[in-house]
>>> print(open('entry_27.csv').read())   # CSV, C-alpha atoms
chain,number,residue,atom,x,y,z
A,1,MET,CA,-35.8,9.4,40.2
A,2,THR,CA,-34.9,8.2,43.6
A,3,SER,CA,-37.6,6.7,45.7
A,4,GLY,CA,-37.3,9.6,48.2
A,5,THR,CA,-38.4,12.3,45.8
A,6,LEU,CA,-41.9,13.6,46.0
A,7,SER,CA,-42.5,13.1,42.3
A,8,ALA,CA,-41.7,9.4,42.7
A,9,GLN,CA,-44.1,9.2,45.6
A,10,ILE,CA,-46.8,11.0,43.6
A,11,THR,CA,-46.4,8.6,40.6
A,12,ASP,CA,-46.2,5.6,42.9
A,13,TYR,CA,-49.4,3.6,42.6
A,14,ALA,CA,-49.5,3.1,46.4
A,15,ASN,CA,-50.5,6.8,46.7
A,16,ARG,CA,-53.0,6.9,43.8
A,17,ALA,CA,-56.1,6.7,46.0
A,18,ASP,CA,-55.1,9.8,48.0
A,19,PRO,CA,-52.3,11.9,46.6
A,20,TYR,CA,-53.5,15.0,48.4
A,21,PRO,CA,-51.2,14.8,51.5
A,22,LEU,CA,-48.3,14.7,49.1
A,23,TYR,CA,-49.6,17.8,47.3
A,24,ALA,CA,-49.9,19.5,50.7
A,25,GLU,CA,-46.2,18.7,51.4
A,26,LEU,CA,-45.3,20.0,47.9
A,27,ARG,CA,-47.0,23.4,48.6
A,28,LYS,CA,-44.7,24.0,51.5
A,29,GLN,CA,-42.1,24.8,48.8
A,30,PRO,CA,-44.0,26.3,45.8
A,31,VAL,CA,-41.2,25.5,43.4
A,32,ARG,CA,-39.3,22.3,44.3
A,33,ARG,CA,-36.3,20.8,42.5
A,34,GLU,CA,-36.3,17.1,42.3
A,35,ASP,CA,-33.1,14.9,42.3
A,36,ASP,CA,-33.3,14.5,38.5
A,37,GLY,CA,-33.5,18.2,37.9
A,38,THR,CA,-37.2,18.3,37.3
A,39,PHE,CA,-39.0,21.3,38.9
A,40,LEU,CA,-42.5,20.8,40.5
A,41,VAL,CA,-44.7,23.9,40.8
A,42,SER,CA,-47.6,23.3,43.1
A,43,THR,CA,-49.2,26.6,44.3
A,44,TYR,CA,-52.1,28.2,42.5
A,45,TYR,CA,-50.8,31.6,41.4
A,46,GLU,CA,-47.4,30.2,40.4
A,47,VAL,CA,-49.0,27.3,38.3
A,48,ARG,CA,-51.4,29.7,36.7
A,49,SER,CA,-48.6,32.2,35.9
A,50,LEU,CA,-46.4,29.6,34.3
A,51,ALA,CA,-49.2,28.1,32.3
A,52,ASN,CA,-49.6,31.5,30.7
A,53,ASP,CA,-45.9,32.2,30.3
A,54,PRO,CA,-44.5,31.9,26.8
A,55,ARG,CA,-41.1,31.0,28.2
A,56,LEU,CA,-42.6,27.6,29.2
A,57,SER,CA,-42.8,25.3,26.2
A,58,ASN,CA,-45.2,22.4,25.6
A,59,ASP,CA,-43.1,21.2,22.6
A,60,THR,CA,-41.8,18.0,24.0
A,61,SER,CA,-38.8,18.0,21.6
A,62,ASN,CA,-37.4,20.7,23.9
A,63,ARG,CA,-37.3,18.3,26.9
A,64,PRO,CA,-33.9,17.6,28.3
A,65,PRO,CA,-32.2,14.2,27.7
A,66,GLY,CA,-33.5,11.4,29.8
A,67,HIS,CA,-36.9,12.9,30.6
A,68,GLY,CA,-38.9,11.2,27.9
A,69,ARG,CA,-41.6,12.7,25.8
A,70,PRO,CA,-45.0,11.7,27.3
A,71,GLY,CA,-47.8,12.0,24.8
A,72,GLN,CA,-45.6,12.0,21.8
A,73,PRO,CA,-46.2,9.5,19.0
A,74,PRO,CA,-43.3,7.1,18.5
A,75,PRO,CA,-40.9,8.2,15.7
A,76,GLU,CA,-41.8,5.1,13.6
A,77,SER,CA,-45.4,6.2,13.5
A,78,GLY,CA,-44.5,9.1,11.1
A,79,LEU,CA,-47.0,11.3,12.8
A,80,PRO,CA,-46.4,14.9,13.9
A,81,PRO,CA,-47.0,15.8,17.5
A,82,SER,CA,-50.6,16.6,18.5
A,83,PHE,CA,-51.2,20.4,18.7
A,84,ILE,CA,-51.1,20.4,22.5
A,85,PHE,CA,-47.5,19.4,22.2
A,86,THR,CA,-46.6,22.4,20.1
A,87,ASP,CA,-45.9,26.1,20.7
A,88,PRO,CA,-47.1,29.2,18.9
A,89,PRO,CA,-47.3,29.9,16.0
A,90,VAL,CA,-47.8,26.2,15.0
A,91,HIS,CA,-50.1,25.6,18.0
A,92,ASP,CA,-52.2,28.6,17.2
A,93,ARG,CA,-52.6,27.7,13.6
A,94,LEU,CA,-53.6,24.1,14.3
A,95,ARG,CA,-55.9,24.9,17.2
A,96,LYS,CA,-57.7,27.7,15.2
A,97,THR,CA,-58.2,25.3,12.3
A,98,ILE,CA,-59.5,22.5,14.5
A,99,THR,CA,-61.8,24.8,16.5
A,100,ARG,CA,-63.6,26.0,13.3
A,101,PRO,CA,-65.9,23.0,12.9
A,102,PHE,CA,-65.9,22.0,16.5
A,103,GLY,CA,-67.8,24.8,18.2
A,104,PRO,CA,-68.2,28.6,18.8
A,105,PRO,CA,-67.9,31.0,17.3
A,106,HIS,CA,-67.8,29.3,13.9
A,107,SER,CA,-70.0,26.3,14.5
A,108,PRO,CA,-72.1,27.2,17.6
A,109,ARG,CA,-74.7,24.5,17.0
A,110,PHE,CA,-72.4,21.5,16.4
A,111,LEU,CA,-71.9,20.4,20.0
A,112,ASP,CA,-75.4,21.5,21.1
A,113,GLY,CA,-76.8,19.4,18.3
A,114,LEU,CA,-75.3,16.3,19.9
A,115,ARG,CA,-77.2,16.6,23.1
A,116,GLY,CA,-80.2,14.6,22.0
A,117,GLU,CA,-78.2,11.7,20.7
A,118,LEU,CA,-76.0,11.7,23.8
A,119,ALA,CA,-79.1,11.8,26.1
A,120,GLU,CA,-80.3,8.7,24.3
A,121,VAL,CA,-77.0,7.0,25.0
A,122,VAL,CA,-77.3,7.9,28.7
A,123,THR,CA,-80.8,6.5,28.8
A,124,GLU,CA,-79.7,3.2,27.1
A,125,LEU,CA,-76.9,2.7,29.5
A,126,LEU,CA,-79.1,3.3,32.5
A,127,ASP,CA,-81.8,1.1,31.2
A,128,ALA,CA,-79.3,-1.8,31.2
A,129,PHE,CA,-79.2,-1.4,35.1
A,130,GLU,CA,-82.7,-2.9,35.3
A,131,GLY,CA,-82.8,-6.0,37.4
A,132,LYS,CA,-79.3,-5.6,38.8
A,133,ASP,CA,-78.4,-5.2,42.4
A,134,GLN,CA,-74.8,-4.0,41.7
A,135,VAL,CA,-73.1,-2.2,38.9
A,136,ASP,CA,-69.6,-0.9,38.0
A,137,ILE,CA,-70.1,2.8,37.3
A,138,VAL,CA,-66.9,2.8,35.2
A,139,GLU,CA,-67.6,-0.2,32.9
A,140,ASP,CA,-71.3,0.1,32.8
A,141,PHE,CA,-71.7,3.9,32.5
A,142,ALA,CA,-68.8,6.3,32.6
A,143,TYR,CA,-66.6,4.4,30.1
A,144,PRO,CA,-69.0,3.9,27.2
A,145,LEU,CA,-70.5,7.4,27.1
A,146,PRO,CA,-67.4,9.5,26.3
A,147,VAL,CA,-66.1,7.2,23.5
A,148,THR,CA,-69.5,7.4,21.9
A,149,ALA,CA,-69.4,11.2,22.1
A,150,ILE,CA,-65.9,11.4,20.6
A,151,CYS,CA,-66.8,9.0,17.8
A,152,LYS,CA,-69.8,11.2,17.0
A,153,VAL,CA,-67.6,14.3,17.0
A,154,LEU,CA,-65.1,12.7,14.7
A,155,GLY,CA,-67.8,11.0,12.5
A,156,ILE,CA,-66.8,7.4,13.3
A,157,PRO,CA,-69.4,4.8,12.2
A,158,ARG,CA,-71.4,3.5,15.2
A,159,GLU,CA,-70.4,-0.1,14.5
A,160,ASP,CA,-66.7,0.8,14.9
A,161,GLU,CA,-67.1,2.4,18.3
A,162,PRO,CA,-66.2,-0.8,20.3
A,163,ARG,CA,-62.7,-0.8,18.8
A,164,PHE,CA,-62.1,2.7,20.1
A,165,HIS,CA,-62.6,1.6,23.8
A,166,GLY,CA,-59.5,-0.6,23.7
A,167,TRP,CA,-57.4,1.9,21.7
A,168,ALA,CA,-58.3,4.7,24.1
A,169,ASP,CA,-57.3,2.7,27.2
A,170,ALA,CA,-54.0,1.5,25.7
A,171,LEU,CA,-53.0,5.0,24.4
A,172,ALA,CA,-53.7,6.8,27.7
A,173,VAL,CA,-50.5,5.1,29.0
A,174,GLY,CA,-48.5,7.5,26.8
A,175,VAL,CA,-49.1,10.6,29.0
A,176,ASP,CA,-47.9,8.9,32.1
A,177,PRO,CA,-44.4,10.0,33.1
A,178,GLN,CA,-43.9,6.7,35.0
A,179,ALA,CA,-44.6,4.5,32.0
A,180,GLY,CA,-41.4,3.3,30.5
A,181,GLY,CA,-41.1,0.1,28.5
A,182,GLY,CA,-42.8,-3.2,29.1
A,183,ASP,CA,-46.1,-4.7,28.1
A,184,ALA,CA,-48.2,-1.5,28.6
A,185,GLN,CA,-46.0,0.5,26.2
A,186,GLU,CA,-46.1,-2.3,23.7
A,187,LYS,CA,-49.9,-2.4,23.8
A,188,ALA,CA,-49.9,1.4,23.4
A,189,GLN,CA,-47.7,1.2,20.3
A,190,ARG,CA,-49.8,-1.6,18.8
A,191,ALA,CA,-53.0,0.4,19.5
A,192,ARG,CA,-51.5,3.5,17.9
A,193,GLN,CA,-50.5,1.5,14.8
A,194,ASP,CA,-54.0,-0.1,14.5
A,195,LEU,CA,-55.7,3.2,15.1
A,196,GLY,CA,-53.4,5.0,12.7
A,197,ALA,CA,-54.2,2.4,9.9
A,198,TYR,CA,-57.9,2.8,10.6
A,199,LEU,CA,-57.8,6.6,10.6
A,200,THR,CA,-55.7,6.7,7.4
A,201,ASP,CA,-58.4,4.8,5.6
A,202,LEU,CA,-61.3,6.7,7.2
A,203,ILE,CA,-59.8,10.2,6.5
A,204,GLU,CA,-59.3,9.3,2.9
A,205,THR,CA,-62.9,8.1,2.7
A,206,LYS,CA,-64.1,11.3,4.3
A,207,ARG,CA,-62.0,13.3,1.9
A,208,ARG,CA,-63.8,11.6,-1.1
A,209,HIS,CA,-67.2,11.3,0.5
A,210,PRO,CA,-67.8,13.9,3.2
A,211,GLY,CA,-70.2,13.1,6.0
A,212,PRO,CA,-71.1,14.1,9.5
A,213,GLY,CA,-68.3,14.9,12.0
A,214,ILE,CA,-65.2,17.1,12.1
A,215,LEU,CA,-63.0,14.7,10.1
A,216,SER,CA,-64.9,15.5,7.0
A,217,ALA,CA,-64.9,19.2,7.7
A,218,LEU,CA,-61.1,19.2,8.4
A,219,ALA,CA,-60.0,16.8,5.7
A,220,PRO,CA,-59.6,19.6,3.0
A,221,GLU,CA,-57.8,21.9,5.5
A,222,MET,CA,-55.2,19.7,7.2
A,223,THR,CA,-52.6,17.3,6.1
A,224,PRO,CA,-53.6,13.6,6.7
A,225,ALA,CA,-50.8,13.3,9.3
A,226,ASP,CA,-51.9,16.4,11.3
A,227,LEU,CA,-55.6,15.3,11.1
A,228,GLU,CA,-54.7,11.8,12.3
A,229,ALA,CA,-52.6,13.2,15.2
A,230,THR,CA,-55.6,15.4,16.1
A,231,ALA,CA,-58.0,12.5,16.1
A,232,VAL,CA,-55.7,10.4,18.3
A,233,LEU,CA,-55.5,13.4,20.7
A,234,LEU,CA,-59.3,13.8,20.9
A,235,LEU,CA,-59.8,10.1,21.5
A,236,VAL,CA,-57.3,9.9,24.4
A,237,ALA,CA,-57.8,13.3,26.0
A,238,GLY,CA,-61.5,13.6,25.3
A,239,HIS,CA,-62.3,10.0,26.4
A,240,GLU,CA,-60.1,9.3,29.4
A,241,THR,CA,-60.6,12.7,31.1
A,242,THR,CA,-64.4,12.6,30.9
A,243,VAL,CA,-64.5,9.0,32.1
A,244,ASN,CA,-62.6,10.2,35.2
A,245,ALA,CA,-64.7,13.3,35.6
A,246,ILE,CA,-68.0,11.3,35.6
A,247,THR,CA,-66.6,8.6,37.9
A,248,ASN,CA,-65.0,11.1,40.3
A,249,THR,CA,-68.2,13.0,40.5
A,250,THR,CA,-70.2,9.8,41.4
A,251,LEU,CA,-67.6,8.8,44.0
A,252,THR,CA,-67.5,12.2,45.6
A,253,LEU,CA,-71.3,12.4,45.8
A,254,LEU,CA,-71.6,9.0,47.4
A,255,ARG,CA,-68.9,10.0,49.9
A,256,HIS,CA,-70.9,13.1,50.8
A,257,PRO,CA,-74.5,12.0,51.4
A,258,ASP,CA,-75.5,15.5,52.7
A,259,VAL,CA,-74.6,17.1,49.4
A,260,LEU,CA,-76.2,14.2,47.5
A,261,ASP,CA,-79.4,14.7,49.4
A,262,ARG,CA,-79.4,18.4,48.4
A,263,PHE,CA,-78.7,17.5,44.8
A,264,LEU,CA,-81.6,15.0,44.6
A,265,LYS,CA,-83.9,17.7,45.8
A,266,ASP,CA,-82.4,20.5,43.7
A,267,PRO,CA,-81.1,19.4,40.2
A,268,ASP,CA,-80.0,23.1,39.6
A,269,LEU,CA,-77.1,22.4,42.0
A,270,ALA,CA,-75.5,20.4,39.1
A,271,VAL,CA,-73.6,23.4,37.7
A,272,PRO,CA,-71.7,24.5,40.8
A,273,LEU,CA,-71.4,20.9,42.0
A,274,ILE,CA,-69.6,19.7,38.9
A,275,GLU,CA,-67.3,22.7,38.9
A,276,GLU,CA,-66.4,21.9,42.5
A,277,VAL,CA,-65.6,18.3,41.6
A,278,LEU,CA,-63.3,19.6,38.8
A,279,ARG,CA,-61.5,21.5,41.5
A,280,TYR,CA,-61.6,18.9,44.3
A,281,GLU,CA,-60.9,15.8,42.2
A,282,PRO,CA,-59.6,17.0,38.8
A,283,PRO,CA,-59.4,14.3,36.1
A,284,VAL,CA,-55.9,15.6,35.0
A,285,GLN,CA,-53.7,15.9,38.1
A,286,PHE,CA,-50.6,17.5,36.6
A,287,VAL,CA,-49.0,18.5,33.3
A,288,PRO,CA,-45.5,16.8,33.2
A,289,TRP,CA,-44.3,17.7,29.7
A,290,THR,CA,-43.3,21.4,29.9
A,291,THR,CA,-39.8,22.8,29.5
A,292,ALA,CA,-38.3,26.2,30.4
A,293,LEU,CA,-37.0,28.0,27.3
A,294,ALA,CA,-35.2,30.6,29.4
A,295,ASP,CA,-34.3,31.1,33.1
A,296,ILE,CA,-37.6,31.8,34.9
A,297,ASP,CA,-37.8,33.3,38.4
A,298,VAL,CA,-40.8,31.9,40.3
A,299,ALA,CA,-41.6,32.4,44.0
A,300,GLY,CA,-38.0,33.1,44.9
A,301,THR,CA,-36.6,30.2,42.8
A,302,THR,CA,-34.9,30.3,39.4
A,303,ILE,CA,-35.9,27.5,37.1
A,304,PRO,CA,-32.9,27.2,34.7
A,305,LYS,CA,-33.3,27.2,30.9
A,306,GLY,CA,-33.8,23.7,29.6
A,307,SER,CA,-35.4,22.3,32.9
A,308,SER,CA,-38.3,20.0,32.8
A,309,VAL,CA,-41.3,21.5,34.7
A,310,TRP,CA,-44.3,19.7,36.1
A,311,LEU,CA,-47.3,22.0,36.7
A,312,MET,CA,-49.3,20.3,39.6
A,313,LEU,CA,-52.9,21.3,38.8
A,314,ALA,CA,-54.5,19.2,41.6
A,315,ALA,CA,-52.1,20.6,44.2
A,316,ALA,CA,-52.9,24.2,43.0
A,317,ASN,CA,-56.6,23.5,43.2
A,318,ARG,CA,-56.2,22.9,46.9
A,319,ASP,CA,-54.0,25.8,47.7
A,320,PRO,CA,-55.3,27.5,50.8
A,321,LYS,CA,-54.0,30.9,49.6
A,322,ARG,CA,-56.5,30.7,46.8
A,323,PHE,CA,-59.4,28.6,48.1
A,324,GLU,CA,-60.8,28.8,51.6
A,325,ASP,CA,-60.8,25.4,53.4
A,326,PRO,CA,-59.6,23.7,50.1
A,327,ASP,CA,-59.9,20.1,51.3
A,328,ARG,CA,-63.6,20.5,51.9
A,329,PHE,CA,-66.0,19.6,49.1
A,330,ASP,CA,-68.3,22.6,48.9
A,331,PRO,CA,-70.6,23.1,45.9
A,332,ASP,CA,-71.5,26.5,47.4
A,333,ARG,CA,-67.9,27.7,46.9
A,334,LYS,CA,-67.8,31.2,45.4
A,335,ASP,CA,-65.2,32.4,42.9
A,336,ASN,CA,-64.3,28.8,42.0
A,337,GLU,CA,-61.8,29.6,39.2
A,338,HIS,CA,-60.2,26.2,39.4
A,339,LEU,CA,-57.5,24.7,37.1
A,340,GLY,CA,-59.4,21.5,36.5
A,341,MET,CA,-59.5,22.2,32.8
A,342,TYR,CA,-56.1,23.9,32.8
A,343,THR,CA,-55.7,27.5,31.7
A,344,GLY,CA,-54.1,29.7,29.0
A,345,ILE,CA,-53.6,28.8,25.4
A,346,HIS,CA,-53.6,25.1,26.2
A,347,TYR,CA,-56.9,25.3,28.1
A,348,CYS,CA,-58.8,22.0,27.5
A,349,PHE,CA,-59.9,22.0,23.9
A,350,GLY,CA,-62.7,19.5,24.7
A,351,ALA,CA,-64.0,21.3,27.8
A,352,PRO,CA,-67.4,22.3,26.2
A,353,LEU,CA,-68.1,18.7,25.2
A,354,ALA,CA,-67.0,17.3,28.5
A,355,ARG,CA,-69.3,19.7,30.4
A,356,ILE,CA,-72.2,18.7,28.1
A,357,GLU,CA,-71.6,15.0,28.9
A,358,LEU,CA,-71.3,15.6,32.6
A,359,HIS,CA,-74.5,17.6,32.7
A,360,LEU,CA,-76.3,14.9,30.8
A,361,ALA,CA,-74.9,12.0,32.7
A,362,VAL,CA,-74.6,12.9,36.4
A,363,PRO,CA,-78.1,14.3,37.1
A,364,GLU,CA,-79.8,11.5,35.1
A,365,LEU,CA,-77.7,8.8,36.9
A,366,PHE,CA,-78.7,10.0,40.3
A,367,ARG,CA,-82.3,10.7,39.3
A,368,ARG,CA,-82.9,7.2,38.0
A,369,VAL,CA,-80.6,5.0,40.2
A,370,LYS,CA,-81.3,4.4,43.9
A,371,PHE,CA,-77.8,3.8,45.3
A,372,SER,CA,-77.3,1.7,48.4
A,373,ARG,CA,-73.6,1.9,49.1
A,374,LEU,CA,-70.1,1.8,47.7
A,375,LEU,CA,-68.8,-1.8,47.5
A,376,GLU,CA,-65.1,-0.7,47.7
A,377,ASP,CA,-63.8,2.5,49.2
A,378,PRO,CA,-61.3,3.4,48.1
A,379,PRO,CA,-61.9,1.7,44.8
A,380,PRO,CA,-59.1,0.4,42.6
A,381,TYR,CA,-57.5,3.2,40.6
A,382,ARG,CA,-56.0,3.4,37.2
A,383,ALA,CA,-52.2,3.0,37.0
A,384,ASN,CA,-51.9,6.4,35.3
A,385,ALA,CA,-50.9,9.2,37.7
A,386,VAL,CA,-51.7,12.0,35.3
A,387,LEU,CA,-55.2,10.9,34.2
A,388,ARG,CA,-56.2,9.9,37.7
A,389,GLY,CA,-59.5,8.1,38.3
A,390,PRO,CA,-61.0,4.8,39.5
A,391,ARG,CA,-60.5,1.9,37.2
A,392,HIS,CA,-63.7,0.3,38.6
A,393,LEU,CA,-66.3,1.8,40.9
A,394,PRO,CA,-68.5,-1.1,42.1
A,395,VAL,CA,-71.7,0.1,43.8
A,396,ALA,CA,-74.8,-1.7,45.3
A,397,ILE,CA,-78.1,-0.3,44.0
A,398,GLU,CA,-81.7,-0.8,45.1
A,399,GLY,CA,-83.6,0.0,42.0
A,400,LEU,CA,-84.1,2.0,38.9
A,401,THR,CA,-86.8,4.5,38.1
A,402,ALA,CA,-88.1,5.2,34.6
>>> encode(input="entry_27.csv", output="C-alpha cells")
Amino acid sequence: MTSGTLSAQITDYANRADPYPLYAELRKQPVRREDDGTFLVSTYYEVRSLANDPRLSNDTSNRPPGHGRPGQPPPESGLPPSFIFTDPPVHDRLRKTITRPFGPPHSPRFLDGLRGELAEVVTELLDAFEGKDQVDIVEDFAYPLPVTAICKVLGIPREDEPRFHGWADALAVGVDPQAGGGDAQEKAQRARQDLGAYLTDLIETKRRHPGPGILSALAPEMTPADLEATAVLLLVAGHETTVNAITNTTLTLLRHPDVLDRFLKDPDLAVPLIEEVLRYEPPVQFVPWTTALADIDVAGTTIPKGSSVWLMLAAANRDPKRFEDPDRFDPDRKDNEHLGMYTGIHYCFGAPLARIELHLAVPELFRRVKFSRLLEDPPPYRANAVLRGPRHLPVAIEGLTA
C-alpha cells in the first residue's frame, strides 16, 4: 500500500488513538478502491448487506496473491483454519457442533453457571487495588478476567492460566493486516507452536478423562486438529476483544463524567451503556479478510470477483445515515442495532460470554473504585489496528469500597 491510501493511514499507529476522522473521510465514498485493489466498505447498510452476502467469502484461501491471510495458522502448524475463516457448509457444520456445549439452545445453563466463579474473580482483582493510589485498568483488571473466563470455558486447569496470557497477546498479531514479518510474527509463531503442543496433550487427556469445559464435550465430536484450531480462536478472539471492550468502556465513562454520574446513581443503565460503547468504540474495528467470489454491485460501485474486501465496522457504527449524531456517546440511544459484534452467520460466537463479563466487571469496577483522573489521555494503544484498544490505561484512584 502506498502511504497515501486511507487503509495505510488507518493501520498507521499514529492514528490509533483516534481513527474516526479517517472513517468519516471513508464514508464520503461508501465503497472505495485502494491502490492495491482492496475495496473498503464503510457505510452501515452496505457493510451489513455484504456481511450477509454469500458472494463474500471468509475463507482466506480465496484471497488474491499478495494480500496475506490474516488469522490463518501457518502451513507448518498442520492446523485447519478456524471456523470463522471458512464458508458454508464447512462453517455451518463446525459452528453448530461447537455451539452445542457452549450455550443456548442445547446448553442454556453452561455460561450462566460461570457467573458466580467470574464474579469471584472480579472481586479478587478489585480487592488487590486496596492501598494503591493508581492502577492500570488493563494489566490489573481488564486483561486477567477474560483469559480466566476463556480457560473456564475450555476447561483449562487454573494453574495453567498464566501461560495463556502471553500466548493470547502474541497470537493477536495474526489478525492485523499490517503485521508482516519481524519479531512480532516470530513470537506469534512460537506462541502458536507452544499453545498447539499444550492443547494436543490436553485434548488427548480430555478425551480419555472428560472433565468440565467444552474441550471434553467436543473431543468425541471433532478431530483433534479442528478442536485445537477452535481453542486457539476462542483464546485470541474471546480474550482480546473482551479486554478491549472492558477498557474502552472504562475510558469512555471517565471521559464522560456526566454519564458516569448517572451510571453511579442508576446501575440499570449498564445494559444500554455497554451497548452504546460497543457502537461508539467497538473492540473489533474492521474485518480485513473477506474476498468477493463474484462481481458484486454495491452503492454504485462494482467490486470485481477475486477482490479483497475490508468491512469497516467502526466506520459503519458512526454512519449518520443510520445513527443520529453518531459521534456523540449516548446511552439513551434508541434502536441501537450496532455492528460492534458483527452480523450474519459470522456474528461473534463469544458475544454471550463477553456480555456476561462486561456486566459483571463494569458495574462492580465503578461501584467499588473511586476514580480521581486519567493519568494519560489518550493512553498508549495496542499496535493492532483490527483489535483496537488501549495497551495500558493508567488511572489515579482515591479509594476502594467493600
>>> residues_around(input="entry_27.csv", residues="region 236-242 of chain A", least_positions_apart="2", cutoff="7 Å", atoms="all atoms listed in the file", output="list in words")
Pro146, Val147, Ile150, Ala168, Leu171, Ala172, Val232, Leu233, Leu234, Asn244, Ala245, Ile246, Pro283, Val284, Gly350, Ala354 and Leu387 of chain A
>>> closest_residue(input="entry_27.csv", among="A:Arg207, A:Arg32, A:Arg391, A:Lys152", to="Leu227 (chain A)", atoms="all atoms listed in the file")
A:Arg207
>>> residues_around(input="entry_27.csv", residues="Ala17 (chain A)", least_positions_apart="4", cutoff="9 Å", atoms="only C-alpha atoms", output="PDB file with C-alpha atoms, keeping the file's coordinate frame")
ATOM      1  CA  TYR A  13     -49.400   3.600  42.600  1.00  0.00           C
ATOM      2  CA  PRO A 378     -61.300   3.400  48.100  1.00  0.00           C
ATOM      3  CA  PRO A 379     -61.900   1.700  44.800  1.00  0.00           C
ATOM      4  CA  PRO A 380     -59.100   0.400  42.600  1.00  0.00           C
ATOM      5  CA  TYR A 381     -57.500   3.200  40.600  1.00  0.00           C
ATOM      6  CA  ARG A 388     -56.200   9.900  37.700  1.00  0.00           C
ATOM      7  CA  GLY A 389     -59.500   8.100  38.300  1.00  0.00           C
ATOM      8  CA  PRO A 390     -61.000   4.800  39.500  1.00  0.00           C
TER       9      PRO A 390
END
>>> closest_residue(input="entry_27.csv", among="A:Phe164, A:Ala8, A:Gly131, A:Asp261", to="Pro144 (chain A)", atoms="all atoms listed in the file")
A:Phe164
>>> closest_residue(input="entry_27.csv", among="A:Asn384, A:Gln185, A:Thr401, A:Thr200", to="Asn15 (chain A)", atoms="all atoms listed in the file")
A:Asn384
